[in-house]
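*Asks:* Contents of protein-v1.cif (mmCIF, C-alpha atoms) are given next:
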```
data_query
loop_
_atom_site.group_PDB
_atom_site.id
_atom_site.type_symbol
_atom_site.label_atom_id
_atom_site.label_comp_id
_atom_site.auth_asym_id
_atom_site.auth_seq_id
_atom_site.Cartn_x
_atom_site.Cartn_y
_atom_site.Cartn_z
ATOM 1 C CA MET A 11 5.346 -29.241 7.223
ATOM 2 C CA ASP A 12 1.876 -29.263 5.824
ATOM 3 C CA ARG A 13 1.912 -26.470 3.260
ATOM 4 C CA SER A 14 -1.706 -25.654 4.043
ATOM 5 C CA LEU A 15 -1.188 -25.104 7.794
ATOM 6 C CA LEU A 16 -1.100 -21.321 7.560
ATOM 7 C CA SER A 17 -4.117 -21.308 5.259
ATOM 8 C CA GLN A 18 -6.352 -23.048 7.783
ATOM 9 C CA LYS A 19 -9.332 -20.967 8.833
ATOM 10 C CA ASN A 20 -8.792 -21.467 12.572
ATOM 11 C CA VAL A 21 -5.117 -20.487 12.338
ATOM 12 C CA ILE A 22 -5.972 -17.389 10.295
ATOM 13 C CA GLU A 23 -8.654 -16.377 12.778
ATOM 14 C CA ALA A 24 -6.283 -16.889 15.724
ATOM 15 C CA SER A 25 -3.610 -14.818 13.992
ATOM 16 C CA ARG A 26 -5.820 -11.735 14.152
ATOM 17 C CA GLY A 27 -4.932 -11.238 17.808
ATOM 18 C CA LEU A 28 -1.211 -11.058 17.050
ATOM 19 C CA VAL A 29 1.169 -9.048 14.950
ATOM 20 C CA CYS A 30 2.317 -11.416 12.203
ATOM 21 C CA ILE A 31 5.655 -10.893 10.528
ATOM 22 C CA ARG A 32 6.917 -12.967 7.645
ATOM 23 C CA LEU A 33 10.300 -12.025 6.281
ATOM 24 C CA ALA A 34 11.957 -12.995 3.045
ATOM 25 C CA THR A 35 15.082 -14.867 4.110
ATOM 26 C CA TYR A 36 18.399 -13.689 2.573
ATOM 27 C CA GLU A 37 16.992 -10.355 1.401
ATOM 28 C CA ASN A 38 17.989 -7.972 4.206
ATOM 29 C CA ALA A 39 21.307 -8.047 6.093
ATOM 30 C CA ALA A 40 19.923 -6.754 9.398
ATOM 31 C CA GLU A 41 17.088 -9.257 9.288
ATOM 32 C CA VAL A 42 19.492 -12.107 8.533
ATOM 33 C CA LYS A 43 21.502 -11.221 11.655
ATOM 34 C CA TYR A 44 18.311 -11.185 13.703
ATOM 35 C CA LEU A 45 17.146 -14.541 12.320
ATOM 36 C CA GLU A 46 20.545 -16.146 12.924
ATOM 37 C CA LYS A 47 20.134 -15.419 16.624
ATOM 38 C CA ILE A 48 16.816 -17.273 16.633
ATOM 39 C CA PHE A 49 17.708 -20.416 14.747
ATOM 40 C CA ARG A 50 20.581 -21.979 12.853
ATOM 41 C CA GLY A 51 20.406 -25.446 11.342
ATOM 42 C CA ARG A 52 22.814 -28.312 11.928
ATOM 43 C CA SER A 53 25.255 -26.714 9.535
ATOM 44 C CA GLY A 54 25.460 -23.723 11.854
ATOM 45 C CA GLN A 55 24.097 -21.531 9.069
ATOM 46 C CA LEU A 56 20.823 -19.705 8.581
ATOM 47 C CA GLU A 57 18.434 -22.006 6.743
ATOM 48 C CA ASN A 58 15.590 -21.068 4.418
ATOM 49 C CA THR A 59 12.925 -20.894 7.101
ATOM 50 C CA VAL A 60 12.728 -19.660 10.699
ATOM 51 C CA PHE A 61 9.866 -19.596 13.176
ATOM 52 C CA ALA A 62 9.435 -17.861 16.537
ATOM 53 C CA MET A 63 6.732 -16.571 18.840
ATOM 54 C CA LEU A 64 7.847 -13.364 20.518
ATOM 55 C CA SER A 65 6.610 -11.098 23.279
ATOM 56 C CA PRO A 66 5.446 -7.620 22.186
ATOM 57 C CA GLY A 67 8.850 -6.194 23.022
ATOM 58 C CA ALA A 68 10.572 -9.107 21.229
ATOM 59 C CA ASP A 69 12.567 -9.834 24.380
ATOM 60 C CA LYS A 70 11.097 -13.246 25.186
ATOM 61 C CA TYR A 71 10.270 -16.445 23.291
ATOM 62 C CA LEU A 72 6.701 -17.582 23.908
ATOM 63 C CA ALA A 73 7.078 -20.976 22.217
ATOM 64 C CA ARG A 74 9.970 -23.130 21.102
ATOM 65 C CA PRO A 75 11.671 -21.371 18.182
ATOM 66 C CA GLY A 76 12.929 -23.383 15.250
ATOM 67 C CA ARG A 77 12.606 -23.963 11.575
ATOM 68 C CA SER A 78 8.831 -24.021 11.320
ATOM 69 C CA PRO A 79 5.661 -23.773 13.458
ATOM 70 C CA GLU A 80 5.738 -27.570 13.724
ATOM 71 C CA TRP A 81 8.581 -27.168 16.197
ATOM 72 C CA ALA A 82 6.023 -25.755 18.628
ATOM 73 C CA PHE A 83 2.606 -26.945 17.439
ATOM 74 C CA SER A 84 1.350 -30.375 16.411
ATOM 75 C CA GLY A 85 -1.092 -29.190 13.749
ATOM 76 C CA ALA A 86 -3.559 -26.498 12.776
ATOM 77 C CA GLY A 87 -5.856 -27.021 15.761
ATOM 78 C CA ASP A 88 -2.994 -26.977 18.218
ATOM 79 C CA MET A 89 -1.499 -23.928 16.542
ATOM 80 C CA ALA A 90 -4.799 -22.032 16.583
ATOM 81 C CA ARG A 91 -5.274 -22.778 20.281
ATOM 82 C CA GLY A 92 -1.669 -21.847 21.003
ATOM 83 C CA LEU A 93 -1.887 -18.536 19.151
ATOM 84 C CA LYS A 94 -5.064 -17.586 20.988
ATOM 85 C CA GLU A 95 -3.587 -18.491 24.355
ATOM 86 C CA ILE A 96 -0.431 -16.500 23.648
ATOM 87 C CA ALA A 97 -2.432 -13.486 22.453
ATOM 88 C CA SER A 98 -4.529 -13.597 25.633
ATOM 89 C CA ARG A 99 -1.428 -13.070 27.793
ATOM 90 C CA TYR A 100 -1.185 -9.435 26.699
ATOM 91 C CA LYS A 101 -3.684 -6.631 26.957
ATOM 92 C CA SER A 102 -3.675 -5.011 23.536
ATOM 93 C CA THR A 103 -3.354 -1.251 23.500
ATOM 94 C CA GLY A 104 -4.597 -0.836 19.943
ATOM 95 C CA SER A 105 -5.047 -2.422 16.557
ATOM 96 C CA PRO A 106 -2.390 -2.645 13.862
ATOM 97 C CA GLU A 107 -2.485 0.359 11.557
ATOM 98 C CA ALA A 108 0.764 0.376 9.592
ATOM 99 C CA LEU A 109 0.933 -0.886 6.025
ATOM 100 C CA PRO A 110 1.661 -4.640 6.059
ATOM 101 C CA ALA A 111 3.957 -4.653 3.050
ATOM 102 C CA MET A 112 7.127 -6.263 1.802
ATOM 103 C CA GLU A 113 10.220 -4.109 1.648
ATOM 104 C CA ASN A 114 9.940 -3.243 -2.042
ATOM 105 C CA LEU A 115 7.909 -3.949 -5.174
ATOM 106 C CA ARG A 116 10.326 -6.601 -6.484
ATOM 107 C CA LEU A 117 9.939 -8.691 -3.342
ATOM 108 C CA ALA A 118 6.244 -7.973 -3.017
ATOM 109 C CA LEU A 119 5.535 -9.321 -6.510
ATOM 110 C CA ASN A 120 7.501 -12.487 -5.833
ATOM 111 C CA VAL A 121 5.882 -13.079 -2.440
ATOM 112 C CA ALA A 122 2.397 -12.396 -3.832
ATOM 113 C CA ALA A 123 3.094 -15.054 -6.470
ATOM 114 C CA CYS A 124 4.317 -17.444 -3.764
ATOM 115 C CA ASP A 125 1.137 -16.859 -1.777
ATOM 116 C CA GLY A 126 -1.185 -16.891 -4.784
ATOM 117 C CA MET A 127 -2.781 -13.565 -4.109
ATOM 118 C CA PRO A 128 -3.318 -10.228 -5.854
ATOM 119 C CA LEU A 129 -1.082 -7.269 -5.093
ATOM 120 C CA ILE A 130 -1.847 -3.589 -4.572
ATOM 121 C CA VAL A 131 0.709 -0.850 -5.053
ATOM 122 C CA ALA A 132 0.527 2.913 -5.421
ATOM 123 C CA ALA A 133 2.939 4.587 -7.817
ATOM 124 C CA SER A 134 4.007 8.205 -8.002
ATOM 125 C CA ASN A 135 7.073 10.244 -8.804
ATOM 126 C CA ASN A 136 6.351 12.525 -5.860
ATOM 127 C CA PRO A 137 7.785 11.383 -2.485
ATOM 128 C CA GLU A 138 5.092 13.199 -0.521
ATOM 129 C CA THR A 139 2.364 11.594 -2.613
ATOM 130 C CA ARG A 140 3.936 8.179 -2.055
ATOM 131 C CA LYS A 141 3.866 8.758 1.688
ATOM 132 C CA LYS A 142 0.179 9.668 1.572
ATOM 133 C CA ALA A 143 -0.515 6.691 -0.679
ATOM 134 C CA ASP A 144 1.066 4.312 1.837
ATOM 135 C CA ALA A 145 -1.269 5.675 4.517
ATOM 136 C CA PHE A 146 -4.211 5.179 2.133
ATOM 137 C CA LEU A 147 -3.195 1.575 1.413
ATOM 138 C CA ALA A 148 -2.779 0.926 5.136
ATOM 139 C CA LEU A 149 -6.399 1.932 5.673
ATOM 140 C CA LEU A 150 -7.415 -0.511 2.954
ATOM 141 C CA ALA A 151 -5.282 -3.292 4.400
ATOM 142 C CA TRP A 152 -6.913 -3.065 7.838
ATOM 143 C CA THR A 153 -10.481 -2.602 6.603
ATOM 144 C CA PRO A 154 -12.297 -5.614 8.122
ATOM 145 C CA SER A 155 -13.860 -6.703 4.831
ATOM 146 C CA LEU A 156 -10.441 -6.753 3.122
ATOM 147 C CA LEU A 157 -8.304 -8.342 5.849
ATOM 148 C CA GLY A 158 -5.750 -10.715 4.374
ATOM 149 C CA LYS A 159 -7.296 -10.652 0.911
ATOM 150 C CA TYR A 160 -4.612 -8.628 -0.843
ATOM 151 C CA ALA A 161 -0.854 -8.291 -0.619
ATOM 152 C CA TYR A 162 0.711 -4.827 -0.571
ATOM 153 C CA ALA A 163 3.894 -3.233 -1.792
ATOM 154 C CA PRO A 164 5.212 0.068 -0.467
ATOM 155 C CA ALA A 165 4.430 3.009 -2.714
ATOM 156 C CA SER A 166 6.807 2.879 -5.649
ATOM 157 C CA THR A 167 8.060 5.053 -8.462
ATOM 158 C CA PRO A 168 6.991 4.522 -12.061
ATOM 159 C CA ALA A 169 10.599 3.498 -12.720
ATOM 160 C CA GLU A 170 10.204 0.665 -10.227
ATOM 161 C CA LEU A 171 7.112 -0.443 -12.136
ATOM 162 C CA ARG A 172 9.141 -0.452 -15.334
ATOM 163 C CA ALA A 173 11.817 -2.576 -13.667
ATOM 164 C CA ALA A 174 9.077 -5.114 -12.942
ATOM 165 C CA LYS A 175 8.001 -4.985 -16.605
ATOM 166 C CA LEU A 176 4.789 -3.201 -15.655
ATOM 167 C CA PRO A 177 3.420 -0.140 -17.477
ATOM 168 C CA GLU A 178 5.089 2.978 -16.150
ATOM 169 C CA SER A 179 2.267 5.079 -14.719
ATOM 170 C CA GLU A 180 1.006 6.802 -11.604
ATOM 171 C CA GLY A 181 -1.998 5.607 -9.633
ATOM 172 C CA ILE A 182 -3.226 2.869 -7.357
ATOM 173 C CA LEU A 183 -2.762 -0.426 -9.129
ATOM 174 C CA LEU A 184 -4.324 -3.817 -8.601
ATOM 175 C CA ILE A 185 -1.946 -6.395 -10.021
ATOM 176 C CA ALA A 186 -2.233 -10.122 -10.603
ATOM 177 C CA PRO A 187 1.346 -11.387 -10.292
ATOM 178 C CA ASP A 188 2.515 -13.885 -12.881
ATOM 179 C CA SER A 189 3.259 -17.383 -11.664
ATOM 180 C CA TYR A 190 6.922 -16.525 -10.988
ATOM 181 C CA GLY A 191 6.333 -13.112 -9.455
ATOM 182 C CA LEU A 192 8.714 -11.422 -11.860
ATOM 183 C CA THR A 193 6.008 -9.262 -13.376
ATOM 184 C CA GLY A 194 2.224 -9.145 -13.429
ATOM 185 C CA LYS A 195 -0.891 -7.923 -15.134
ATOM 186 C CA ILE A 196 -2.665 -4.740 -14.116
ATOM 187 C CA ILE A 197 -6.256 -5.653 -13.385
ATOM 188 C CA GLU A 198 -7.492 -2.239 -12.266
ATOM 189 C CA ARG A 199 -6.123 1.244 -11.845
ATOM 190 C CA TRP A 200 -7.459 4.150 -9.810
ATOM 191 C CA PRO A 201 -6.223 7.733 -9.644
ATOM 192 C CA LEU A 202 -4.262 8.597 -6.517
ATOM 193 C CA SER A 203 -7.068 10.989 -5.616
ATOM 194 C CA GLU A 204 -9.718 8.225 -5.546
ATOM 195 C CA ASN A 205 -11.733 8.022 -2.343
ATOM 196 C CA LEU A 206 -11.320 5.155 0.085
ATOM 197 C CA SER A 207 -14.844 3.792 -0.039
ATOM 198 C CA ALA A 208 -14.843 3.543 -3.844
ATOM 199 C CA VAL A 209 -11.624 1.527 -3.856
ATOM 200 C CA THR A 210 -12.799 -0.596 -0.936
ATOM 201 C CA VAL A 211 -16.030 -1.540 -2.704
ATOM 202 C CA ALA A 212 -14.189 -2.305 -5.945
ATOM 203 C CA LEU A 213 -11.685 -4.534 -4.112
ATOM 204 C CA GLU A 214 -14.436 -6.363 -2.244
ATOM 205 C CA LYS A 215 -16.102 -7.145 -5.562
ATOM 206 C CA ALA A 216 -12.889 -8.042 -7.353
ATOM 207 C CA ARG A 217 -11.372 -10.538 -4.939
ATOM 208 C CA PRO A 218 -13.686 -13.499 -5.596
ATOM 209 C CA THR A 219 -12.946 -13.173 -9.304
ATOM 210 C CA LEU A 220 -9.170 -13.313 -8.811
ATOM 211 C CA THR A 221 -8.221 -16.953 -8.477
ATOM 212 C CA PHE A 222 -4.812 -18.564 -8.339
ATOM 213 C CA SER A 223 -3.811 -22.165 -8.845
ATOM 214 C CA GLY A 224 -1.668 -24.233 -6.515
ATOM 215 C CA LYS A 225 1.805 -25.024 -7.834
ATOM 216 C CA VAL A 226 3.600 -28.340 -7.911
ATOM 217 C CA ALA A 227 7.155 -27.443 -6.958
ATOM 218 C CA ARG A 228 8.956 -29.808 -9.313
ATOM 219 C CA GLN A 229 6.950 -28.678 -12.347
ATOM 220 C CA HIS A 230 7.219 -25.029 -11.352
ATOM 221 C CA ILE A 231 10.994 -25.249 -10.997
ATOM 222 C CA GLN A 232 11.525 -27.242 -14.193
ATOM 223 C CA ASN A 233 9.440 -24.786 -16.180
ATOM 224 C CA GLY A 234 11.224 -21.871 -14.541
ATOM 225 C CA VAL A 235 14.651 -23.246 -15.425
ATOM 226 C CA ARG A 236 13.572 -23.950 -19.017
ATOM 227 C CA ASN A 237 12.358 -20.391 -19.419
ATOM 228 C CA GLY A 238 15.138 -18.660 -17.541
ATOM 229 C CA PHE A 239 12.929 -17.448 -14.688
ATOM 230 C CA SER A 240 15.465 -17.122 -11.916
ATOM 231 C CA TRP A 241 15.759 -15.297 -8.608
ATOM 232 C CA GLN A 242 18.928 -13.849 -7.181
ATOM 233 C CA SER A 243 18.616 -13.135 -3.463
ATOM 234 C CA LEU A 244 20.423 -10.050 -2.223
ATOM 235 C CA LEU A 245 22.479 -12.134 0.215
ATOM 236 C CA PRO A 246 24.028 -15.584 -0.188
ATOM 237 C CA VAL A 247 21.699 -18.522 0.425
ATOM 238 C CA THR A 248 23.339 -20.509 3.222
ATOM 239 C CA ASP A 249 20.790 -23.297 3.503
ATOM 240 C CA PRO A 250 22.695 -26.508 2.671
ATOM 241 C CA HIS A 251 19.566 -28.413 1.621
ATOM 242 C CA MET B 21 6.842 -23.580 2.146
ATOM 243 C CA TYR B 22 8.955 -25.710 4.385
ATOM 244 C CA GLN B 23 9.604 -28.855 2.418
ATOM 245 C CA GLN B 24 13.162 -29.294 1.201
ATOM 246 C CA PRO B 25 13.677 -30.665 -1.364
ATOM 247 C CA PRO B 26 10.452 -29.583 -3.098
ATOM 248 C CA GLY B 27 7.436 -31.623 -2.062
ATOM 249 C CA ASN B 28 5.163 -33.389 -4.489
ATOM 250 C CA GLY B 29 1.887 -31.805 -3.406
ATOM 251 C CA PRO B 30 0.647 -28.519 -4.796
ATOM 252 C CA THR B 31 0.982 -25.308 -2.832
ATOM 253 C CA VAL B 32 -2.171 -23.796 -1.378
ATOM 254 C CA PRO B 33 -3.062 -20.280 -2.590
ATOM 255 C CA THR B 34 -4.201 -17.780 0.019
ATOM 256 C CA PRO B 35 -7.951 -18.189 0.531
ATOM 257 C CA ALA B 36 -10.001 -15.529 -1.265
ATOM 258 C CA GLU B 37 -11.823 -15.090 2.051
ATOM 259 C CA GLY B 38 -8.589 -13.719 3.512
ATOM 260 C CA GLY B 39 -5.368 -15.109 4.914
ATOM 261 C CA ILE B 40 -2.967 -14.044 7.630
ATOM 262 C CA VAL B 41 -1.993 -10.376 7.408
ATOM 263 C CA TRP B 42 1.790 -10.353 7.213
ATOM 264 C CA PHE B 43 4.204 -7.536 7.816
ATOM 265 C CA GLY B 44 7.085 -8.127 5.443
ATOM 266 C CA SER B 45 9.583 -6.004 7.317
ATOM 267 C CA LEU B 46 11.018 -6.781 10.751
ATOM 268 C CA LYS B 47 11.356 -3.141 11.693
ATOM 269 C CA ALA B 48 7.755 -2.259 10.813
ATOM 270 C CA GLY B 49 6.305 -5.396 12.371
ATOM 271 C CA LEU B 50 8.160 -5.131 15.669
ATOM 272 C CA ALA B 51 7.293 -1.450 15.945
ATOM 273 C CA GLU B 52 3.619 -2.325 15.519
ATOM 274 C CA ALA B 53 3.879 -5.104 18.117
ATOM 275 C CA ARG B 54 5.377 -2.692 20.657
ATOM 276 C CA ARG B 55 2.806 -0.012 19.865
ATOM 277 C CA THR B 56 -0.164 -2.366 20.203
ATOM 278 C CA ASN B 57 1.323 -4.589 22.954
ATOM 279 C CA ARG B 58 0.593 -7.678 20.898
ATOM 280 C CA ALA B 59 2.632 -10.865 20.770
ATOM 281 C CA VAL B 60 4.382 -11.695 17.514
ATOM 282 C CA LEU B 61 4.155 -14.636 15.163
ATOM 283 C CA LEU B 62 7.441 -14.453 13.275
ATOM 284 C CA LEU B 63 8.253 -16.523 10.229
ATOM 285 C CA SER B 64 10.878 -16.198 7.601
ATOM 286 C CA ALA B 65 11.089 -18.058 4.317
ATOM 287 C CA ALA B 66 13.046 -17.702 1.110
ATOM 288 C CA PRO B 67 10.697 -16.784 -1.756
ATOM 289 C CA GLN B 68 12.474 -19.114 -4.152
ATOM 290 C CA CYS B 69 13.186 -22.771 -4.472
ATOM 291 C CA HIS B 70 16.462 -23.794 -6.119
ATOM 292 C CA GLY B 71 16.751 -20.276 -7.533
ATOM 293 C CA THR B 72 13.260 -20.237 -9.003
ATOM 294 C CA PRO B 73 10.919 -17.521 -7.716
ATOM 295 C CA GLY B 74 7.190 -17.680 -7.146
ATOM 296 C CA ILE B 75 7.238 -20.582 -4.724
ATOM 297 C CA TRP B 76 8.173 -20.943 -1.055
#
```
Write out the structure in this file as structure tokens.
*Replies:*
Amino acid sequence: MDRSLLSQKNVIEASRGLVCIRLATYENAAEVKYLEKIFRGRSGQLENTVFAMLSPGADKYLARPGRSPEWAFSGAGDMARGLKEIASRYKSTGSPEALPAMENLRLALNVAACDGMPLIVAASNNPETRKKADAFLALLAWTPSLLGKYAYAPASTPAELRAAKLPESEGILLIAPDSYGLTGKIIERWPLSENLSAVTVALEKARPTLTFSGKVARQHIQNGVRNGFSWQSLLPVTDPH
Amino acid sequence: MYQQPPGNGPTVPTPAEGGIVWFGSLKAGLAEARRTNRAVLLLSAAPQCHGTPGIW
């Protein structure tokens, strides 16, 4: 599939009327079971990628499920039209409010590197503070001027930062992931008590300055192997390709 | 993100103007879909290629 399909402006705009979920395959046992029910490849096993359009209650397919959106749509224009038509079938009862984050910091760093986008995470040793920080980040994530501009990780402990080779500290952190998503560079840090509008303004200003290059897979993999940058999924990779 | 084996063309970084907002957890995403009565675009992809992270 065209790697740029999901980066097309019309597809992105059409996605705003839906809830969009993108899982990391082979990283969560319950999710693997769910995905296996949607699509298995010729080998009978779960492959690297899965695609489905689901009703709000996830009890009905709204387009042909398969390995990628190309199983249902012929290109970006067709996909954008299809997403809008599907969204129009349901009367929305509200806007998304929860934090759109990966399951943990380790995955979030990797996925942010895959997507070529900066990552925001709050860190604290206090569980109650982490809970409040997640709510704060959720407000940022759904602020219209910041929609889809940053990736998010769930609030983490300083020890989790250390595990990602990041400085162990508390606060709200803006991170540029390294090319392999195994660590990153802290671009900005705010205290956990910072007010929402100050962080919003700073993020609006920062995003245009944070640029990421496209990666050529073969070069990226060769360099990764040479330097020992490897990824071990939590579950066995069953894709035969 | 879907080419196997790795394609020759470069990947496309998320536009600075904003990309799709993704929930990275099935449980959280489906709960939000039910709460808002919105249809779901579901994708899954392995964030590694031949054991190398940082690329779909």
*Asks:* Might you spell out which residues the PyMOL selection byres ((chain A and resi 100-113) around 7) would select in the displayed file, as JSON, numbers by chain?
*Replies:* {"A": [97, 98, 99, 114, 117, 118, 144, 147, 148, 151, 152, 162, 163, 164], "B": [41, 42, 43, 44, 45, 52, 56, 57, 58]}
*Asks:* As a ChimeraX atom specification, please: the residues near region 66-72 of chain B (cut-off 10 Å, only C-alpha atoms, same-chain neighbours under 5 positions excluded).
*Replies:* /A:33-37,57-60,117-118,120-125,190-191,227-228,230-235,238-243,247,249,251 /B:21-26
*Asks:* Expand the PyMOL selection byres ((chain A and resi 45) around 9) into the explicit residue set it covers here, and present it as a PyMOL selection string.
*Replies:* (chain A and resi 35+40-44+46-50+56+60-61) or (chain B and resi 64)
*Asks:* Please measure the separation of CA of Val211 (chain A) and CA of Lys175 (chain A), giving the value in Å to one decimal.
*Replies:*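 That distance, rounded to one decimal, is 28.0 Å.
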*Asks:* Just want the 9 Å neighbourhood of Ile196 (chain A), counted on all atoms listed in the file, with same-chain residues fewer than 5 positions away dropped. Output as an NGL selection string.
*Replies:* :A and (176-177 or 183-187)
